[in-house]
Amino acid sequence: MRRSFKYLLSLAFLVLPLEHAFSDVRPNLMLILLDDLGKEWVSAYGASDIETPNIDELAASGMRFENAWSMPQCTPSRLSIMTGQYPFRHGWVNHWDTPRWGNAYYDWRLNPSLARIMKDAGYKTVAAGKWQVNDFRIEREVMVKHGFDDYAMWTGYETGNPPSAERYWDPYIHTKTGSKTYKGAYGEDFFTQFIIDFISKNRQEPWFAYYPMNLPHAPFVHSPLEPGAKGVLGKHKAMVRYADFLLGKIIDNLEAMDELDNTIIIWTTDNGTHGGIKGELNGRIVRGGKQKLTENGINAPFIVYGKELVPRGVVTDALVDFTDLLPTFTQLAGAEMPEGITVDGKSFADLILGKSDDSSRDYIVSMGGLNEAARSDKGVENAFVFRNRVIRNKRFKLYAKSSPEYGLDKLIDLENDLEERNNILSSKEDHIVETLNYFTNVLEKMSLRDNDPIYMRRDPNPWDLEVSVESQVWKK
């Protein structure tokens, strides 16, 4: 990242008031989502085993969130971003790798789509990176139907197609021209340049860019900058550092194109780090919490930056979760919410524009955990009709067991118990009883039965790729 970036940020912020900057033109919007990375691997949050200078500069020049919740697994997080809904509503309660396992399908006709909202509002839209919630062999143009003008996606591993397993070196990528292996390429370089090129071609209009990186998800490999990286931990660190390097490249290119002034970037991750990796965070050793509802699994690093739009150097304890991204982007774009859908999220646009000191959230929610879903003659079915979930405010966190009849599991005081070891569910202290009653009321208002993922019924051969998707029957 060029040295001039920080200087220009300071100068622009001092000269141009937030209200004036935002009112002139609708902002460009970019969402960067890393794969499997907790706070213990971001030095801006106090990680001591890694240096992430570009991410740190983004945080120092914008707003760093302390209480932003993802879901504990990949596809539940991604579908919550795209739909603005909790997993019990959109159905992807647990991770389900559609190209590999089949039967599930993210349907633009039955689910909300953030990209469609942005496109309908007049934004040019692009996605590059990881998708995995549709099978591109069944429908090549599904990304367009979700609302993206252009795209370059790793397909996910497609059963029966070994080259598709590659996401890093010699990656297998799906674009409008089809799916193929790009020999000699490094996947994240391809995706980064694809997004930069799209922005360059479309910068006369507002744009929305969604970059769900593969980094630093396994398989652990060396990066272009560190070809000699060895071992799981060494390669993991190299991959994190490369994700940081690519952020710097994006910022530099936006600045060179004069697009940085009117762009808001949200940088975050889909869930905690792989459980086999430990890192040090503010003096504590933290094991990766992927697939867990503990804070190391769902309390995501979450940074919002806008050179002339977002207040600088702010650390906030405001509550947000991934369902809030859709209504936030919608408000920032001046777009309209689709009619006839339920959105669980709440916009935090006023917070990041400096118009409010807090989000509108009294609580946030996460749910899911280890893979508990299976294919049946009804499609993909979650193992529990009511999946375990957590609810928290700024201090307390309630765990609810799978299936409502099993009741509550534990209550944690996060202010005094970072390791979440002490269950205070049976406490008789008035403020704790009051908090528990509040959380219980929130829990009781949720559906008592989680939806299963929408799926495509295809008889007799579920992978008959010659059959058009338009002719199929869709059901819950």
# chains A, B, ... in the order shown; residues from 1 in each chain; ligands from 1
call {"tool": "select_by_dssp", "arguments": {"residues": "range 199-341 of chain A", "states": "strand (DSSP E or B)", "output": "PyMOL selection string"}}
result
chain A and resi 207-212+223+226+263-269+278-281+284-287+299+302-306+314-321
call {"tool": "write_last_selection", "arguments": {"atoms": "N, CA and C atoms", "output": "mmCIF file, in the first residue's frame"}}
result
data_model
loop_
_atom_site.group_PDB
_atom_site.id
_atom_site.type_symbol
_atom_site.label_atom_id
_atom_site.label_comp_id
_atom_site.auth_asym_id
_atom_site.auth_seq_id
_atom_site.Cartn_x
_atom_site.Cartn_y
_atom_site.Cartn_z
ATOM 1 N N TRP A 207 -20.776 1.022 -8.243
ATOM 2 C CA TRP A 207 -20.553 -0.417 -8.366
ATOM 3 C C TRP A 207 -20.580 -1.083 -6.999
ATOM 4 N N PHE A 208 -20.933 -2.362 -7.026
ATOM 5 C CA PHE A 208 -20.919 -3.222 -5.851
ATOM 6 C C PHE A 208 -20.039 -4.419 -6.171
ATOM 7 N N ALA A 209 -18.996 -4.631 -5.370
ATOM 8 C CA ALA A 209 -18.074 -5.744 -5.586
ATOM 9 C C ALA A 209 -18.100 -6.666 -4.381
ATOM 10 N N TYR A 210 -18.331 -7.942 -4.639
ATOM 11 C CA TYR A 210 -18.332 -8.974 -3.598
ATOM 12 C C TYR A 210 -17.144 -9.882 -3.850
ATOM 13 N N TYR A 211 -16.203 -9.881 -2.884
ATOM 14 C CA TYR A 211 -14.981 -10.669 -3.038
ATOM 15 C C TYR A 211 -14.873 -11.664 -1.885
ATOM 16 N N PRO A 212 -15.516 -12.837 -2.012
ATOM 17 C CA PRO A 212 -15.349 -13.903 -1.015
ATOM 18 C C PRO A 212 -14.081 -14.688 -1.302
ATOM 19 N N SER A 223 2.379 -19.307 -0.888
ATOM 20 C CA SER A 223 1.827 -18.180 -1.630
ATOM 21 C C SER A 223 2.844 -17.673 -2.644
ATOM 22 N N GLU A 226 5.704 -16.094 -0.814
ATOM 23 C CA GLU A 226 6.482 -16.946 0.086
ATOM 24 C C GLU A 226 6.502 -18.379 -0.442
ATOM 25 N N THR A 263 -15.773 5.224 -1.963
ATOM 26 C CA THR A 263 -15.960 3.785 -1.801
ATOM 27 C C THR A 263 -15.979 3.421 -0.323
ATOM 28 N N ILE A 264 -16.918 2.572 0.057
ATOM 29 C CA ILE A 264 -16.969 2.000 1.399
ATOM 30 C C ILE A 264 -16.608 0.524 1.285
ATOM 31 N N ILE A 265 -15.635 0.104 2.075
ATOM 32 C CA ILE A 265 -15.189 -1.292 2.087
ATOM 33 C C ILE A 265 -15.517 -1.906 3.432
ATOM 34 N N ILE A 266 -16.158 -3.063 3.409
ATOM 35 C CA ILE A 266 -16.323 -3.864 4.624
ATOM 36 C C ILE A 266 -15.449 -5.108 4.466
ATOM 37 N N TRP A 267 -14.538 -5.275 5.403
ATOM 38 C CA TRP A 267 -13.591 -6.401 5.388
ATOM 39 C C TRP A 267 -13.891 -7.277 6.604
ATOM 40 N N THR A 268 -14.159 -8.566 6.343
ATOM 41 C CA THR A 268 -14.506 -9.468 7.447
ATOM 42 C C THR A 268 -14.182 -10.905 7.055
ATOM 43 N N THR A 269 -14.585 -11.864 7.887
ATOM 44 C CA THR A 269 -14.325 -13.279 7.639
ATOM 45 C C THR A 269 -15.577 -14.097 7.934
ATOM 46 N N LYS A 278 -3.411 -22.620 16.329
ATOM 47 C CA LYS A 278 -3.481 -21.746 17.491
ATOM 48 C C LYS A 278 -2.725 -20.446 17.218
ATOM 49 N N GLY A 279 -3.240 -19.356 17.777
ATOM 50 C CA GLY A 279 -2.562 -18.075 17.675
ATOM 51 C C GLY A 279 -2.682 -17.328 18.988
ATOM 52 N N GLU A 280 -1.835 -16.331 19.178
ATOM 53 C CA GLU A 280 -1.864 -15.553 20.414
ATOM 54 C C GLU A 280 -2.610 -14.248 20.175
ATOM 55 N N LEU A 281 -3.579 -13.964 21.030
ATOM 56 C CA LEU A 281 -4.410 -12.771 20.909
ATOM 57 C C LEU A 281 -4.420 -12.040 22.245
ATOM 58 N N ARG A 284 -3.352 -14.089 25.155
ATOM 59 C CA ARG A 284 -4.009 -15.379 25.355
ATOM 60 C C ARG A 284 -3.762 -16.268 24.148
ATOM 61 N N ILE A 285 -3.552 -17.564 24.374
ATOM 62 C CA ILE A 285 -3.464 -18.519 23.276
ATOM 63 C C ILE A 285 -4.879 -18.910 22.885
ATOM 64 N N VAL A 286 -5.215 -18.709 21.625
ATOM 65 C CA VAL A 286 -6.567 -18.971 21.122
ATOM 66 C C VAL A 286 -6.501 -20.042 20.051
ATOM 67 N N ARG A 287 -7.220 -21.120 20.271
ATOM 68 C CA ARG A 287 -7.346 -22.164 19.249
ATOM 69 C C ARG A 287 -8.434 -21.754 18.262
ATOM 70 N N ASN A 299 -17.166 -14.540 16.631
ATOM 71 C CA ASN A 299 -16.920 -13.107 16.803
ATOM 72 C C ASN A 299 -15.853 -12.700 15.798
ATOM 73 N N PHE A 302 -13.955 -7.478 11.901
ATOM 74 C CA PHE A 302 -14.944 -6.770 11.076
ATOM 75 C C PHE A 302 -14.533 -5.303 11.034
ATOM 76 N N ILE A 303 -14.142 -4.838 9.848
ATOM 77 C CA ILE A 303 -13.609 -3.491 9.675
ATOM 78 C C ILE A 303 -14.369 -2.793 8.554
ATOM 79 N N VAL A 304 -14.746 -1.545 8.790
ATOM 80 C CA VAL A 304 -15.426 -0.732 7.774
ATOM 81 C C VAL A 304 -14.572 0.493 7.488
ATOM 82 N N TYR A 305 -14.310 0.721 6.223
ATOM 83 C CA TYR A 305 -13.464 1.832 5.809
ATOM 84 C C TYR A 305 -14.145 2.612 4.686
ATOM 85 N N GLY A 306 -14.078 3.919 4.773
ATOM 86 C CA GLY A 306 -14.527 4.798 3.701
ATOM 87 C C GLY A 306 -13.717 6.072 3.784
ATOM 88 N N VAL A 314 -11.979 4.661 14.748
ATOM 89 C CA VAL A 314 -13.034 4.352 15.719
ATOM 90 C C VAL A 314 -13.006 2.859 16.045
ATOM 91 N N VAL A 315 -13.054 2.546 17.333
ATOM 92 C CA VAL A 315 -13.263 1.175 17.789
ATOM 93 C C VAL A 315 -14.619 1.147 18.473
ATOM 94 N N THR A 316 -15.522 0.309 17.982
ATOM 95 C CA THR A 316 -16.890 0.304 18.482
ATOM 96 C C THR A 316 -17.275 -1.046 19.073
ATOM 97 N N ASP A 317 -18.054 -1.000 20.156
ATOM 98 C CA ASP A 317 -18.605 -2.227 20.726
ATOM 99 C C ASP A 317 -20.035 -2.468 20.253
ATOM 100 N N ALA A 318 -20.450 -1.754 19.209
ATOM 101 C CA ALA A 318 -21.804 -1.919 18.668
ATOM 102 C C ALA A 318 -22.044 -3.364 18.252
ATOM 103 N N LEU A 319 -23.255 -3.838 18.440
ATOM 104 C CA LEU A 319 -23.643 -5.192 18.061
ATOM 105 C C LEU A 319 -24.101 -5.218 16.605
ATOM 106 N N VAL A 320 -23.480 -6.085 15.806
ATOM 107 C CA VAL A 320 -23.952 -6.342 14.443
ATOM 108 C C VAL A 320 -23.767 -7.828 14.169
ATOM 109 N N ASP A 321 -24.564 -8.374 13.262
ATOM 110 C CA ASP A 321 -24.315 -9.727 12.776
ATOM 111 C C ASP A 321 -24.496 -9.756 11.272
#
call {"tool": "select_by_dssp", "arguments": {"residues": "range 85-239 of chain A", "states": "alpha helix (DSSP H)", "output": "PyMOL selection string"}}
result
chain A and resi 87-90+98-101+114-120+142-145+187-202+231-239
call {"tool": "write_last_selection", "arguments": {"atoms": "C-alpha atoms", "output": "PDB file, in the first residue's frame"}}
result
ATOM      1  CA  PRO A  87     -30.228 -19.762   8.963  1.00  0.00           C
ATOM      2  CA  PHE A  88     -33.465 -20.972  10.589  1.00  0.00           C
ATOM      3  CA  ARG A  89     -35.247 -18.867   7.949  1.00  0.00           C
ATOM      4  CA  HIS A  90     -33.157 -19.349   4.772  1.00  0.00           C
ATOM      5  CA  THR A  98     -23.705 -28.114  -3.134  1.00  0.00           C
ATOM      6  CA  PRO A  99     -21.322 -29.005  -6.012  1.00  0.00           C
ATOM      7  CA  ARG A 100     -19.946 -31.911  -3.972  1.00  0.00           C
ATOM      8  CA  TRP A 101     -23.067 -33.238  -2.258  1.00  0.00           C
ATOM      9  CA  LEU A 114     -28.184  -8.739  -2.043  1.00  0.00           C
ATOM     10  CA  ALA A 115     -26.734  -8.487  -5.542  1.00  0.00           C
ATOM     11  CA  ARG A 116     -30.179  -8.280  -7.144  1.00  0.00           C
ATOM     12  CA  ILE A 117     -31.096  -5.437  -4.797  1.00  0.00           C
ATOM     13  CA  MET A 118     -27.938  -3.578  -5.746  1.00  0.00           C
ATOM     14  CA  LYS A 119     -28.437  -4.187  -9.454  1.00  0.00           C
ATOM     15  CA  ASP A 120     -32.062  -3.025  -9.288  1.00  0.00           C
ATOM     16  CA  VAL A 142     -26.982 -18.671 -12.100  1.00  0.00           C
ATOM     17  CA  MET A 143     -24.705 -15.830 -10.933  1.00  0.00           C
ATOM     18  CA  VAL A 144     -26.405 -13.476 -13.376  1.00  0.00           C
ATOM     19  CA  LYS A 145     -29.774 -14.561 -12.042  1.00  0.00           C
ATOM     20  CA  GLY A 187      -6.489 -18.218  -7.851  1.00  0.00           C
ATOM     21  CA  GLU A 188      -6.537 -15.156  -5.597  1.00  0.00           C
ATOM     22  CA  ASP A 189      -4.421 -13.190  -8.082  1.00  0.00           C
ATOM     23  CA  PHE A 190      -6.937 -14.044 -10.793  1.00  0.00           C
ATOM     24  CA  PHE A 191      -9.906 -12.989  -8.664  1.00  0.00           C
ATOM     25  CA  THR A 192      -8.307  -9.768  -7.453  1.00  0.00           C
ATOM     26  CA  GLN A 193      -7.395  -8.667 -10.955  1.00  0.00           C
ATOM     27  CA  PHE A 194     -10.839  -9.647 -12.243  1.00  0.00           C
ATOM     28  CA  ILE A 195     -12.511  -7.315  -9.740  1.00  0.00           C
ATOM     29  CA  ILE A 196     -10.033  -4.506 -10.426  1.00  0.00           C
ATOM     30  CA  ASP A 197     -10.602  -4.804 -14.183  1.00  0.00           C
ATOM     31  CA  PHE A 198     -14.378  -4.787 -13.736  1.00  0.00           C
ATOM     32  CA  ILE A 199     -14.220  -1.630 -11.631  1.00  0.00           C
ATOM     33  CA  SER A 200     -11.940   0.043 -14.163  1.00  0.00           C
ATOM     34  CA  LYS A 201     -14.440  -0.655 -16.951  1.00  0.00           C
ATOM     35  CA  ASN A 202     -17.485   0.421 -14.950  1.00  0.00           C
ATOM     36  CA  GLY A 231       4.223 -26.889   7.233  1.00  0.00           C
ATOM     37  CA  VAL A 232       0.620 -26.132   8.119  1.00  0.00           C
ATOM     38  CA  LEU A 233       1.399 -23.152  10.356  1.00  0.00           C
ATOM     39  CA  GLY A 234       4.011 -21.681   8.030  1.00  0.00           C
ATOM     40  CA  LYS A 235       1.717 -21.927   5.019  1.00  0.00           C
ATOM     41  CA  HIS A 236      -1.248 -20.600   6.999  1.00  0.00           C
ATOM     42  CA  LYS A 237       0.749 -17.520   7.937  1.00  0.00           C
ATOM     43  CA  ALA A 238       1.895 -17.072   4.340  1.00  0.00           C
ATOM     44  CA  MET A 239      -1.711 -17.253   3.163  1.00  0.00           C
TER      45      MET A 239
END
call {"tool": "residues_around", "arguments": {"residues": "Trp169 in chain A", "least_positions_apart": "6", "cutoff": "8 Å", "atoms": "only C-alpha atoms", "output": "PyMOL selection string"}}
result
chain A and resi 183-187
call {"tool": "residues_around", "arguments": {"residues": "Thr435 in chain A", "least_positions_apart": "5", "cutoff": "12 Å", "atoms": "only C-alpha atoms", "output": "ChimeraX atom specification"}}
result
/A:362-363,391-398,411-413,424-425,427-430,440-442
call {"tool": "write_last_selection", "arguments": {"atoms": "C-alpha atoms", "output": "short mmCIF file (atom, residue, chain, number, x, y, z; two decimals), in the first residue's frame"}}
result
data_model
loop_
_atom_site.label_atom_id
_atom_site.label_comp_id
_atom_site.auth_asym_id
_atom_site.auth_seq_id
_atom_site.Cartn_x
_atom_site.Cartn_y
_atom_site.Cartn_z
CA ASP A 362 -30.09 -4.89 21.44
CA TYR A 363 -28.97 -8.45 20.63
CA ILE A 391 -27.96 -14.85 21.57
CA ARG A 392 -25.94 -12.06 23.12
CA ASN A 393 -26.00 -8.43 24.14
CA LYS A 394 -22.86 -6.44 24.88
CA ARG A 395 -22.18 -8.39 28.05
CA PHE A 396 -24.13 -11.63 28.33
CA LYS A 397 -24.48 -14.61 26.00
CA LEU A 398 -27.15 -17.31 26.12
CA LEU A 411 -25.44 -18.18 30.23
CA ILE A 412 -22.01 -16.54 30.02
CA ASP A 413 -20.78 -13.18 31.32
CA ILE A 424 -24.28 -18.50 35.43
CA LEU A 425 -27.63 -19.75 34.17
CA SER A 427 -27.78 -17.19 39.18
CA LYS A 428 -30.47 -15.40 41.18
CA GLU A 429 -28.96 -11.93 40.82
CA ASP A 430 -31.66 -9.54 39.66
CA THR A 440 -35.78 -16.22 26.57
CA ASN A 441 -38.43 -13.94 25.09
CA VAL A 442 -36.25 -13.40 22.01
#
call {"tool": "atom_distance", "arguments": {"atom1": "CA of Glu381 in chain A", "atom2": "CA of Asp35 in chain A"}}
result
24.8 Å
call {"tool": "residues_around", "arguments": {"residues": "Lys292 in chain A", "least_positions_apart": "2", "cutoff": "8 Å", "atoms": "only C-alpha atoms", "output": "list in words"}}
result
Pro72, Gly289, Lys290, Thr294, Asn296, Gly297, Ile298, Gly368, Gly369 and Leu370 of chain A
call {"tool": "closest_residue", "arguments": {"among": "A:Asp452, A:Glu66, A:Glu259, A:Glu405", "to": "Arg203 in chain A", "atoms": "only C-alpha atoms"}}
result
A:Glu259
